[in-house]
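Source file: target-v6.json; contents: JSON, C-alpha atoms.
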```json
[["chain", "number", "residue", "atom", "x", "y", "z"],
["A", 23, "MET", "CA", 108.90, 95.00, 108.40],
["A", 24, "THR", "CA", 110.54, 91.83, 109.69],
["A", 25, "GLN", "CA", 109.80, 88.13, 109.71],
["A", 26, "GLU", "CA", 111.86, 86.11, 112.14],
["A", 27, "SER", "CA", 111.23, 83.36, 114.66],
["A", 28, "GLY", "CA", 107.54, 83.33, 113.81],
["A", 29, "SER", "CA", 107.11, 87.02, 114.56],
["A", 30, "ASP", "CA", 106.00, 89.55, 111.99],
["A", 31, "THR", "CA", 106.25, 93.15, 113.06],
["A", 32, "TRP", "CA", 106.05, 96.46, 111.27],
["A", 33, "THR", "CA", 107.52, 99.87, 112.00],
["A", 34, "VAL", "CA", 106.22, 103.39, 111.55],
["A", 35, "ALA", "CA", 108.34, 106.42, 112.45],
["A", 36, "GLY", "CA", 110.73, 104.15, 114.35],
["A", 37, "ARG", "CA", 107.99, 102.58, 116.48],
["A", 38, "ARG", "CA", 107.47, 98.86, 116.20],
["A", 39, "PHE", "CA", 104.11, 97.09, 116.39],
["A", 40, "SER", "CA", 102.97, 93.49, 116.21],
["A", 41, "SER", "CA", 99.32, 94.02, 115.28],
["A", 42, "ARG", "CA", 98.64, 95.25, 111.76],
["A", 43, "LEU", "CA", 95.09, 96.23, 112.63],
["A", 44, "ILE", "CA", 94.24, 99.77, 113.77],
["A", 45, "VAL", "CA", 90.78, 100.53, 115.12],
["A", 46, "GLY", "CA", 88.86, 103.70, 115.87],
["A", 47, "THR", "CA", 86.72, 105.18, 118.62],
["A", 48, "GLY", "CA", 83.63, 106.40, 116.80],
["A", 49, "LYS", "CA", 80.05, 105.08, 116.58],
["A", 50, "TYR", "CA", 80.26, 102.67, 119.52],
["A", 51, "LYS", "CA", 77.41, 102.44, 122.01],
["A", 52, "ASP", "CA", 79.75, 103.60, 124.75],
["A", 53, "PHE", "CA", 83.40, 103.64, 125.80],
["A", 54, "GLU", "CA", 82.99, 100.26, 127.50],
["A", 55, "GLN", "CA", 81.93, 98.56, 124.27],
["A", 56, "ASN", "CA", 84.76, 100.32, 122.46],
["A", 57, "ALA", "CA", 87.28, 99.00, 124.97],
["A", 58, "ALA", "CA", 85.93, 95.44, 124.68],
["A", 59, "ALA", "CA", 86.14, 95.53, 120.88],
["A", 60, "LEU", "CA", 89.68, 96.92, 121.05],
["A", 61, "ALA", "CA", 90.76, 94.08, 123.32],
["A", 62, "ALA", "CA", 89.20, 91.49, 120.99],
["A", 63, "SER", "CA", 90.86, 93.06, 117.94],
["A", 64, "GLY", "CA", 94.36, 92.71, 119.33],
["A", 65, "ALA", "CA", 95.12, 96.19, 117.99],
["A", 66, "GLU", "CA", 97.88, 98.25, 119.58],
["A", 67, "ILE", "CA", 96.98, 101.59, 117.95],
["A", 68, "ILE", "CA", 93.65, 103.33, 118.37],
["A", 69, "THR", "CA", 92.59, 106.46, 116.51],
["A", 70, "VAL", "CA", 91.02, 109.29, 118.46],
["A", 71, "ALA", "CA", 88.98, 112.03, 116.81],
["A", 72, "VAL", "CA", 90.26, 114.97, 118.84],
["A", 73, "ARG", "CA", 87.27, 117.16, 117.98],
["A", 74, "ARG", "CA", 84.71, 114.52, 119.00],
["A", 75, "VAL", "CA", 86.13, 112.28, 121.72],
["A", 76, "ASN", "CA", 86.68, 113.52, 125.27],
["A", 77, "VAL", "CA", 90.28, 113.02, 126.35],
["A", 78, "THR", "CA", 90.75, 116.18, 128.42],
["A", 79, "ASP", "CA", 87.59, 116.98, 130.44],
["A", 80, "PRO", "CA", 87.62, 115.03, 133.73],
["A", 81, "GLY", "CA", 84.08, 116.23, 134.44],
["A", 82, "ALA", "CA", 82.67, 113.95, 131.73],
["A", 83, "PRO", "CA", 83.29, 110.30, 130.82],
["A", 84, "MET", "CA", 86.77, 110.08, 129.36],
["A", 85, "LEU", "CA", 88.12, 107.61, 126.84],
["A", 86, "THR", "CA", 91.30, 107.32, 128.89],
["A", 87, "ASP", "CA", 89.28, 105.85, 131.79],
["A", 88, "PHE", "CA", 88.46, 102.83, 129.61],
["A", 89, "ILE", "CA", 91.43, 102.61, 127.24],
["A", 90, "ASP", "CA", 94.78, 103.17, 128.93],
["A", 91, "PRO", "CA", 97.06, 105.42, 126.85],
["A", 92, "LYS", "CA", 100.02, 103.72, 128.52],
["A", 93, "GLN", "CA", 98.89, 100.35, 127.17],
["A", 94, "TYR", "CA", 97.77, 101.49, 123.72],
["A", 95, "THR", "CA", 99.19, 103.98, 121.25],
["A", 96, "TYR", "CA", 96.72, 106.83, 120.83],
["A", 97, "LEU", "CA", 96.67, 108.19, 117.29],
["A", 98, "PRO", "CA", 94.94, 111.60, 117.34],
["A", 99, "ASN", "CA", 93.20, 112.32, 114.05],
["A", 100, "THR", "CA", 91.57, 115.28, 112.38],
["A", 101, "ALA", "CA", 88.21, 113.70, 111.53],
["A", 102, "GLY", "CA", 85.70, 116.39, 110.61],
["A", 103, "CYS", "CA", 88.27, 118.87, 109.31],
["A", 104, "PHE", "CA", 87.70, 120.34, 105.85],
["A", 105, "ASP", "CA", 90.73, 122.63, 105.53],
["A", 106, "ARG", "CA", 94.38, 122.57, 106.47],
["A", 107, "ASP", "CA", 94.13, 125.34, 109.08],
["A", 108, "SER", "CA", 91.55, 123.51, 111.21],
["A", 109, "ALA", "CA", 93.43, 120.23, 110.84],
["A", 110, "ILE", "CA", 96.75, 121.77, 111.89],
["A", 111, "ARG", "CA", 95.12, 123.58, 114.80],
["A", 112, "THR", "CA", 93.47, 120.35, 115.95],
["A", 113, "LEU", "CA", 96.74, 118.45, 115.99],
["A", 114, "ARG", "CA", 98.58, 121.26, 117.75],
["A", 115, "LEU", "CA", 95.93, 121.08, 120.49],
["A", 116, "ALA", "CA", 96.35, 117.30, 120.65],
["A", 117, "ARG", "CA", 100.08, 117.67, 121.15],
["A", 118, "GLU", "CA", 99.55, 120.19, 123.90],
["A", 119, "ALA", "CA", 96.98, 117.97, 125.61],
["A", 120, "GLY", "CA", 98.72, 114.63, 125.41],
["A", 121, "GLY", "CA", 102.18, 115.19, 123.98],
["A", 122, "TRP", "CA", 101.28, 113.20, 120.86],
["A", 123, "ASP", "CA", 103.44, 113.65, 117.78],
["A", 124, "LEU", "CA", 102.45, 110.50, 115.84],
["A", 125, "VAL", "CA", 99.14, 111.64, 114.34],
["A", 126, "LYS", "CA", 96.67, 110.87, 111.59],
["A", 127, "LEU", "CA", 95.98, 113.68, 109.15],
["A", 128, "GLU", "CA", 92.61, 113.64, 107.40],
["A", 129, "ILE", "CA", 91.27, 116.63, 105.45],
["A", 130, "LEU", "CA", 87.97, 116.11, 103.67],
["A", 131, "GLY", "CA", 86.96, 117.80, 100.45],
["A", 132, "GLU", "CA", 83.21, 117.82, 101.01],
["A", 133, "ALA", "CA", 80.59, 116.15, 103.16],
["A", 134, "LYS", "CA", 78.82, 113.94, 100.62],
["A", 135, "THR", "CA", 81.69, 111.64, 99.62],
["A", 136, "LEU", "CA", 84.15, 112.41, 102.44],
["A", 137, "TYR", "CA", 86.90, 112.11, 99.86],
["A", 138, "PRO", "CA", 90.18, 113.77, 100.82],
["A", 139, "ASP", "CA", 91.12, 117.21, 99.56],
["A", 140, "MET", "CA", 94.58, 116.31, 98.31],
["A", 141, "ARG", "CA", 95.82, 119.88, 97.80],
["A", 142, "GLU", "CA", 95.00, 120.85, 101.38],
["A", 143, "THR", "CA", 96.30, 117.49, 102.63],
["A", 144, "LEU", "CA", 99.66, 117.88, 100.90],
["A", 145, "GLN", "CA", 100.13, 121.43, 102.20],
["A", 146, "ALA", "CA", 99.21, 120.40, 105.74],
["A", 147, "THR", "CA", 101.57, 117.44, 105.61],
["A", 148, "GLU", "CA", 104.49, 119.72, 104.74],
["A", 149, "ILE", "CA", 103.66, 122.13, 107.58],
["A", 150, "LEU", "CA", 103.15, 119.40, 110.18],
["A", 151, "ALA", "CA", 106.37, 117.61, 109.24],
["A", 152, "LYS", "CA", 108.33, 120.86, 109.62],
["A", 153, "GLU", "CA", 106.78, 121.31, 113.08],
["A", 154, "GLY", "CA", 108.03, 117.92, 114.21],
["A", 155, "PHE", "CA", 104.82, 115.94, 113.79],
["A", 156, "LEU", "CA", 104.88, 112.42, 112.39],
["A", 157, "PRO", "CA", 101.82, 112.41, 110.13],
["A", 158, "MET", "CA", 100.14, 109.24, 108.93],
["A", 159, "VAL", "CA", 98.05, 110.58, 106.07],
["A", 160, "TYR", "CA", 94.62, 109.61, 104.73],
["A", 161, "CYS", "CA", 94.60, 110.04, 100.96],
["A", 162, "ALA", "CA", 93.05, 109.14, 97.64],
["A", 163, "ASP", "CA", 94.07, 105.81, 96.12],
["A", 164, "ASP", "CA", 96.41, 107.62, 93.74],
["A", 165, "PRO", "CA", 100.04, 106.44, 93.39],
["A", 166, "ILE", "CA", 101.25, 109.90, 92.33],
["A", 167, "ALA", "CA", 99.59, 111.67, 95.24],
["A", 168, "ALA", "CA", 100.90, 108.99, 97.61],
["A", 169, "LYS", "CA", 104.48, 109.62, 96.47],
["A", 170, "GLN", "CA", 104.03, 113.38, 96.86],
["A", 171, "LEU", "CA", 102.84, 112.88, 100.43],
["A", 172, "GLU", "CA", 105.82, 110.69, 101.23],
["A", 173, "ASP", "CA", 108.19, 113.33, 99.83],
["A", 174, "ALA", "CA", 106.37, 115.97, 101.93],
["A", 175, "GLY", "CA", 107.07, 114.10, 105.16],
["A", 176, "ALA", "CA", 104.27, 111.57, 105.64],
["A", 177, "VAL", "CA", 105.47, 108.65, 107.79],
["A", 178, "ALA", "CA", 102.67, 106.40, 106.47],
["A", 179, "ILE", "CA", 100.37, 106.50, 103.48],
["A", 180, "MET", "CA", 96.72, 105.62, 104.13],
["A", 181, "PRO", "CA", 94.74, 105.33, 100.88],
["A", 182, "LEU", "CA", 91.01, 104.79, 101.02],
["A", 183, "GLY", "CA", 89.65, 101.46, 99.87],
["A", 184, "ALA", "CA", 86.18, 102.96, 99.38],
["A", 185, "PRO", "CA", 84.33, 105.98, 100.79],
["A", 186, "ILE", "CA", 84.50, 106.39, 104.58],
["A", 187, "GLY", "CA", 81.84, 104.38, 106.37],
["A", 188, "SER", "CA", 80.56, 102.76, 103.16],
["A", 189, "GLY", "CA", 81.62, 99.18, 103.88],
["A", 190, "LEU", "CA", 82.04, 98.60, 100.14],
["A", 191, "GLY", "CA", 85.44, 96.97, 100.41],
["A", 192, "ILE", "CA", 88.50, 97.74, 98.29],
["A", 193, "GLN", "CA", 87.22, 99.08, 94.97],
["A", 194, "ASN", "CA", 90.52, 99.48, 93.12],
["A", 195, "ARG", "CA", 93.08, 96.80, 93.87],
["A", 196, "VAL", "CA", 95.32, 97.99, 91.04],
["A", 197, "THR", "CA", 96.02, 101.43, 92.50],
["A", 198, "ILE", "CA", 96.46, 100.08, 96.04],
["A", 199, "ARG", "CA", 99.03, 97.60, 94.74],
["A", 200, "LEU", "CA", 100.85, 100.36, 92.84],
["A", 201, "ILE", "CA", 100.98, 102.52, 95.96],
["A", 202, "VAL", "CA", 102.42, 99.62, 97.94],
["A", 203, "GLU", "CA", 105.04, 98.92, 95.27],
["A", 204, "GLY", "CA", 106.15, 102.55, 95.11],
["A", 205, "ALA", "CA", 106.20, 103.46, 98.80],
["A", 206, "LYS", "CA", 109.19, 103.50, 101.13],
["A", 207, "VAL", "CA", 106.95, 104.10, 104.15],
["A", 208, "PRO", "CA", 104.16, 101.87, 105.48],
["A", 209, "VAL", "CA", 100.92, 101.71, 103.49],
["A", 210, "LEU", "CA", 97.66, 101.04, 105.34],
["A", 211, "VAL", "CA", 94.22, 100.85, 103.79],
["A", 212, "ASP", "CA", 92.01, 103.39, 105.53],
["A", 213, "ALA", "CA", 88.24, 103.54, 104.94],
["A", 214, "GLY", "CA", 85.78, 101.30, 103.16],
["A", 215, "VAL", "CA", 86.35, 97.97, 104.91],
["A", 216, "GLY", "CA", 83.01, 96.30, 105.63],
["A", 217, "THR", "CA", 83.79, 92.75, 106.63],
["A", 218, "ALA", "CA", 86.64, 90.36, 107.31],
["A", 219, "SER", "CA", 87.27, 89.40, 103.68],
["A", 220, "ASP", "CA", 87.89, 93.09, 102.83],
["A", 221, "ALA", "CA", 90.62, 93.27, 105.46],
["A", 222, "ALA", "CA", 92.19, 90.09, 104.12],
["A", 223, "VAL", "CA", 92.27, 91.55, 100.60],
["A", 224, "ALA", "CA", 94.09, 94.65, 101.86],
["A", 225, "MET", "CA", 96.75, 92.48, 103.45],
["A", 226, "GLU", "CA", 97.03, 90.17, 100.44],
["A", 227, "LEU", "CA", 97.85, 93.23, 98.32],
["A", 228, "GLY", "CA", 100.92, 93.78, 100.49],
["A", 229, "CYS", "CA", 99.66, 96.57, 102.71],
["A", 230, "ASP", "CA", 101.41, 96.93, 106.05],
["A", 231, "GLY", "CA", 98.12, 97.26, 107.86],
["A", 232, "VAL", "CA", 94.49, 98.27, 107.73],
["A", 233, "LEU", "CA", 92.48, 100.82, 109.71],
["A", 234, "MET", "CA", 88.77, 100.50, 110.37],
["A", 235, "ASN", "CA", 86.04, 101.86, 112.60],
["A", 236, "THR", "CA", 82.52, 101.54, 111.22],
["A", 237, "ALA", "CA", 82.96, 97.92, 110.14],
["A", 238, "ILE", "CA", 83.42, 96.94, 113.77],
["A", 239, "ALA", "CA", 81.33, 99.56, 115.57],
["A", 240, "GLU", "CA", 78.22, 99.05, 113.43],
["A", 241, "ALA", "CA", 78.37, 95.25, 113.38],
["A", 242, "LYS", "CA", 75.51, 93.52, 115.21],
["A", 243, "ASP", "CA", 78.18, 92.14, 117.55],
["A", 244, "PRO", "CA", 81.13, 94.55, 117.53],
["A", 245, "VAL", "CA", 83.30, 92.39, 119.80],
["A", 246, "MET", "CA", 82.84, 89.30, 117.64],
["A", 247, "MET", "CA", 83.53, 91.33, 114.49],
["A", 248, "ALA", "CA", 86.68, 92.78, 116.05],
["A", 249, "ARG", "CA", 87.92, 89.26, 116.67],
["A", 250, "ALA", "CA", 87.07, 88.28, 113.08],
["A", 251, "MET", "CA", 88.98, 91.29, 111.77],
["A", 252, "ARG", "CA", 92.04, 90.33, 113.79],
["A", 253, "LEU", "CA", 92.02, 86.84, 112.29],
["A", 254, "SER", "CA", 91.42, 88.09, 108.76],
["A", 255, "VAL", "CA", 94.32, 90.54, 108.93],
["A", 256, "GLU", "CA", 96.58, 87.75, 110.16],
["A", 257, "ALA", "CA", 95.33, 85.39, 107.44],
["A", 258, "GLY", "CA", 95.74, 87.96, 104.67],
["A", 259, "ARG", "CA", 99.23, 88.80, 105.83],
["A", 260, "GLY", "CA", 100.15, 85.12, 105.95],
["A", 261, "ALA", "CA", 98.84, 84.59, 102.42],
["A", 262, "TYR", "CA", 100.88, 87.56, 101.17],
["A", 263, "LEU", "CA", 104.06, 86.24, 102.76],
["A", 264, "ALA", "CA", 103.41, 82.72, 101.49],
["A", 265, "GLY", "CA", 103.03, 83.94, 97.89],
["A", 266, "ARG", "CA", 99.85, 82.93, 96.15],
["A", 267, "MET", "CA", 99.79, 80.53, 93.20],
["A", 268, "GLY", "CA", 99.78, 82.03, 89.74],
["A", 269, "ARG", "CA", 96.48, 82.61, 87.97],
["A", 270, "ARG", "CA", 95.79, 80.34, 85.00],
["A", 271, "MET", "CA", 93.33, 80.71, 82.17],
["A", 272, "TYR", "CA", 92.45, 77.01, 82.20],
["A", 273, "ALA", "CA", 92.20, 74.08, 84.60],
["A", 274, "ASP", "CA", 95.32, 72.33, 85.80],
["A", 275, "PRO", "CA", 94.86, 68.96, 87.57],
["A", 276, "SER", "CA", 96.11, 68.57, 91.11],
["A", 277, "SER", "CA", 97.29, 65.06, 90.26],
["A", 278, "PRO", "CA", 99.38, 64.31, 87.14],
["A", 279, "LEU", "CA", 97.60, 62.58, 84.28],
["A", 280, "ALA", "CA", 100.70, 60.73, 83.03],
["A", 281, "GLY", "CA", 101.15, 57.10, 84.11],
["A", 282, "LEU", "CA", 97.49, 56.44, 84.88],
["A", 283, "ILE", "CA", 96.36, 52.80, 84.94]]
```

Represent the structure from my file as C-alpha cells, please.
Amino acid sequence: MTQESGSDTWTVAGRRFSSRLIVGTGKYKDFEQNAAALAASGAEIITVAVRRVNVTDPGAPMLTDFIDPKQYTYLPNTAGCFDRDSAIRTLRLAREAGGWDLVKLEILGEAKTLYPDMRETLQATEILAKEGFLPMVYCADDPIAAKQLEDAGAVAIMPLGAPIGSGLGIQNRVTIRLIVEGAKVPVLVDAGVGTASDAAVAMELGCDGVLMNTAIAEAKDPVMMARAMRLSVEAGRGAYLAGRMGRRMYADPSSPLAGLI
C-alpha cells in the first residue's frame, strides 16, 4: 500500500493495482452488460465463477470475447462449492485452462445463509498454498479465523460484510476493523454490499478494497451503479487516509465563542 505523487496503489501477492474495487460476473443480463459495468467501475480485477461462466468452450458465448484477460486480471473463484475437494478440483481446472494461480477460495457451509465453512476453508487454503496457488479467501468476519487463514497461506483475507447477495451492508464494523488491524496481508470486504455508502464504509474502516457483484448486477442501471461504486470506494479511501475527526458526546462550535462582540 503506497501513497505518493497523488497515486494510491495496493499490492496482493506481489501484484500491484490502482483500483480498490473488484467486481464479479454473475447475474448480469449478458456479457455485454457485464463488460460495460466493468468499464464504468474502473476495476482491474474481475472474479469468474469457474463452474458457471464459460471461459473454455468456443462453441458458446465466452466471457473472454467481451472482457479481455490481457487487459483485466481474471480471478477464478469457487462459487457454488460446499467442500474443500470440489473447491480444490475447481481451481486446479482453472489453472489448467488459463494458467491462473491468483484465485479466490470460497467454500460455503450451507445453501440458506451461504456462510463460509471455516474448517473446510482453512484446510483448503493450506493445500492450495502448498500447491503454489495464491488464494484470496472468503471468510467469516472473525479476527481469529482471519489470522489462521493468513498463517495457512492466504494472500488476502476477504471477510463478509453481510450474507452473500443480501445487500444489507456491513453489519459488524468492530470485527472488520479488528481484522484490518491484525492482518499483514490485504483485507477486502466480500459480500453484503448493497449501495455506494456500504462500499465507502468498508474503505473508511481501513480495508484495502471491496468486492461486489449483486449490488451492481441487480441495480436498475448496473452501469450507473458501477460508476457510483467506483466513486464511493475512492471517497471512502480518501476519508480513511485523511483521518476522520474524533467523535464527541456533545456539540462543539465551529467558531470560537471567546471574544464575541

Long-range neighbours of Thr47 of chain A as number ranges by chain, 10 Å cut-off, only C-alpha atoms, 2 positions minimum in chain: A: 45, 49-50, 52-53, 55-57, 59-60, 68-71, 74-75, 85, 234-236, 239

Generate the output file for the selected residues, C-alpha atoms, as a PDB file, keeping the file's coordinate frame.
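Full text of selection_35.pdb as output:
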```pdb
ATOM      1  CA  VAL A  45      90.780 100.530 115.120  1.00  0.00           C
ATOM      2  CA  LYS A  49      80.050 105.080 116.580  1.00  0.00           C
ATOM      3  CA  TYR A  50      80.260 102.670 119.520  1.00  0.00           C
ATOM      4  CA  ASP A  52      79.750 103.600 124.750  1.00  0.00           C
ATOM      5  CA  PHE A  53      83.400 103.640 125.800  1.00  0.00           C
ATOM      6  CA  GLN A  55      81.930  98.560 124.270  1.00  0.00           C
ATOM      7  CA  ASN A  56      84.760 100.320 122.460  1.00  0.00           C
ATOM      8  CA  ALA A  57      87.280  99.000 124.970  1.00  0.00           C
ATOM      9  CA  ALA A  59      86.140  95.530 120.880  1.00  0.00           C
ATOM     10  CA  LEU A  60      89.680  96.920 121.050  1.00  0.00           C
ATOM     11  CA  ILE A  68      93.650 103.330 118.370  1.00  0.00           C
ATOM     12  CA  THR A  69      92.590 106.460 116.510  1.00  0.00           C
ATOM     13  CA  VAL A  70      91.020 109.290 118.460  1.00  0.00           C
ATOM     14  CA  ALA A  71      88.980 112.030 116.810  1.00  0.00           C
ATOM     15  CA  ARG A  74      84.710 114.520 119.000  1.00  0.00           C
ATOM     16  CA  VAL A  75      86.130 112.280 121.720  1.00  0.00           C
ATOM     17  CA  LEU A  85      88.120 107.610 126.840  1.00  0.00           C
ATOM     18  CA  MET A 234      88.770 100.500 110.370  1.00  0.00           C
ATOM     19  CA  ASN A 235      86.040 101.860 112.600  1.00  0.00           C
ATOM     20  CA  THR A 236      82.520 101.540 111.220  1.00  0.00           C
ATOM     21  CA  ALA A 239      81.330  99.560 115.570  1.00  0.00           C
TER      22      ALA A 239
END
```

Å distance separating atom CA of Leu130 of chain A from atom CA of Glu118 of chain A, one decimal place: 23.7 Å

Non-local contacts of Ile44 of chain A (6 Å; all atoms listed in the file; under 3 positions in same chain excluded) as a PyMOL selection string: chain A and resi 65+67-68+233

Length of the atom CA of Val215 of chain A to atom CA of Tyr262 of chain A vector [Å]: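 We find that atom CA of Val215 of chain A and atom CA of Tyr262 of chain A lie 18.3 Å from each other.
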
Separation of atom CA of Ala205 of chain A from atom CA of Asp220 of chain A in Å: 21.4 Å

Nearest candidate to Met251 of chain A (options A:Ala35, A:Tyr137, A:Val125, A:Ser63; using all atoms listed in the file): A:Ser63

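Near Ile186 of chain A, within 7 Å and counting only C-alpha atoms, sit A:Leu136, A:Ala213, A:Gly214, not including residues fewer than 4 positions from it in the same chain.
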
Among the residues A:Met247, A:Ala168, A:Ile129, A:Ala58, the one that comes closest to Ala218 of chain A [using all atoms listed in the file]: A:Met247

Near-Leu113 of chain A list (9 Å; all atoms listed in the file; drop same-chain fewer than 2 positions) as a VMD selection string: chain A and resid 72 98 to 100 108 to 111 115 to 118 122 to 123 125 to 127 150 155

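When only C-alpha atoms are used to compute distances to Ile238 of chain A, the closest of the residues A:Val196, A:Ala250, A:Leu263, A:Cys161 turns out to be A:Ala250.
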
Distance criterion (only C-alpha atoms): nearest to Val232 of chain A out of A:Asp107, A:Ala261, A:Gly191, A:Asp139: A:Gly191

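Take the candidates A:Ala82, A:Ala146, A:Ile89, A:Leu227 and check each one against Cys103 of chain A using all atoms listed in the file; the shortest distance goes to A:Ala146.
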
Which of A:Arg106, A:Arg114, A:Arg270, A:Lys134 sits closest to Glu148 of chain A [using only C-alpha atoms]: A:Arg106

Exercise: Arg252 of chain A partners within 7 Å, all atoms listed in the file, chain neighbours under 2 positions left out, as a VMD selection string: chain A and resid 43 63 to 64 248 to 250 254 to 256

Work out where the centre of an axis-aligned box around every listed atom of segment 60-68 of chain A lies and how long its edges are once 8 Å is added on each side; give both in Å to one decimal as AutoDock Vina command-line options.
```
--center_x 93.5 --center_y 97.4 --center_z 120.6 --size_x 24.7 --size_y 27.8 --size_z 21.4
```
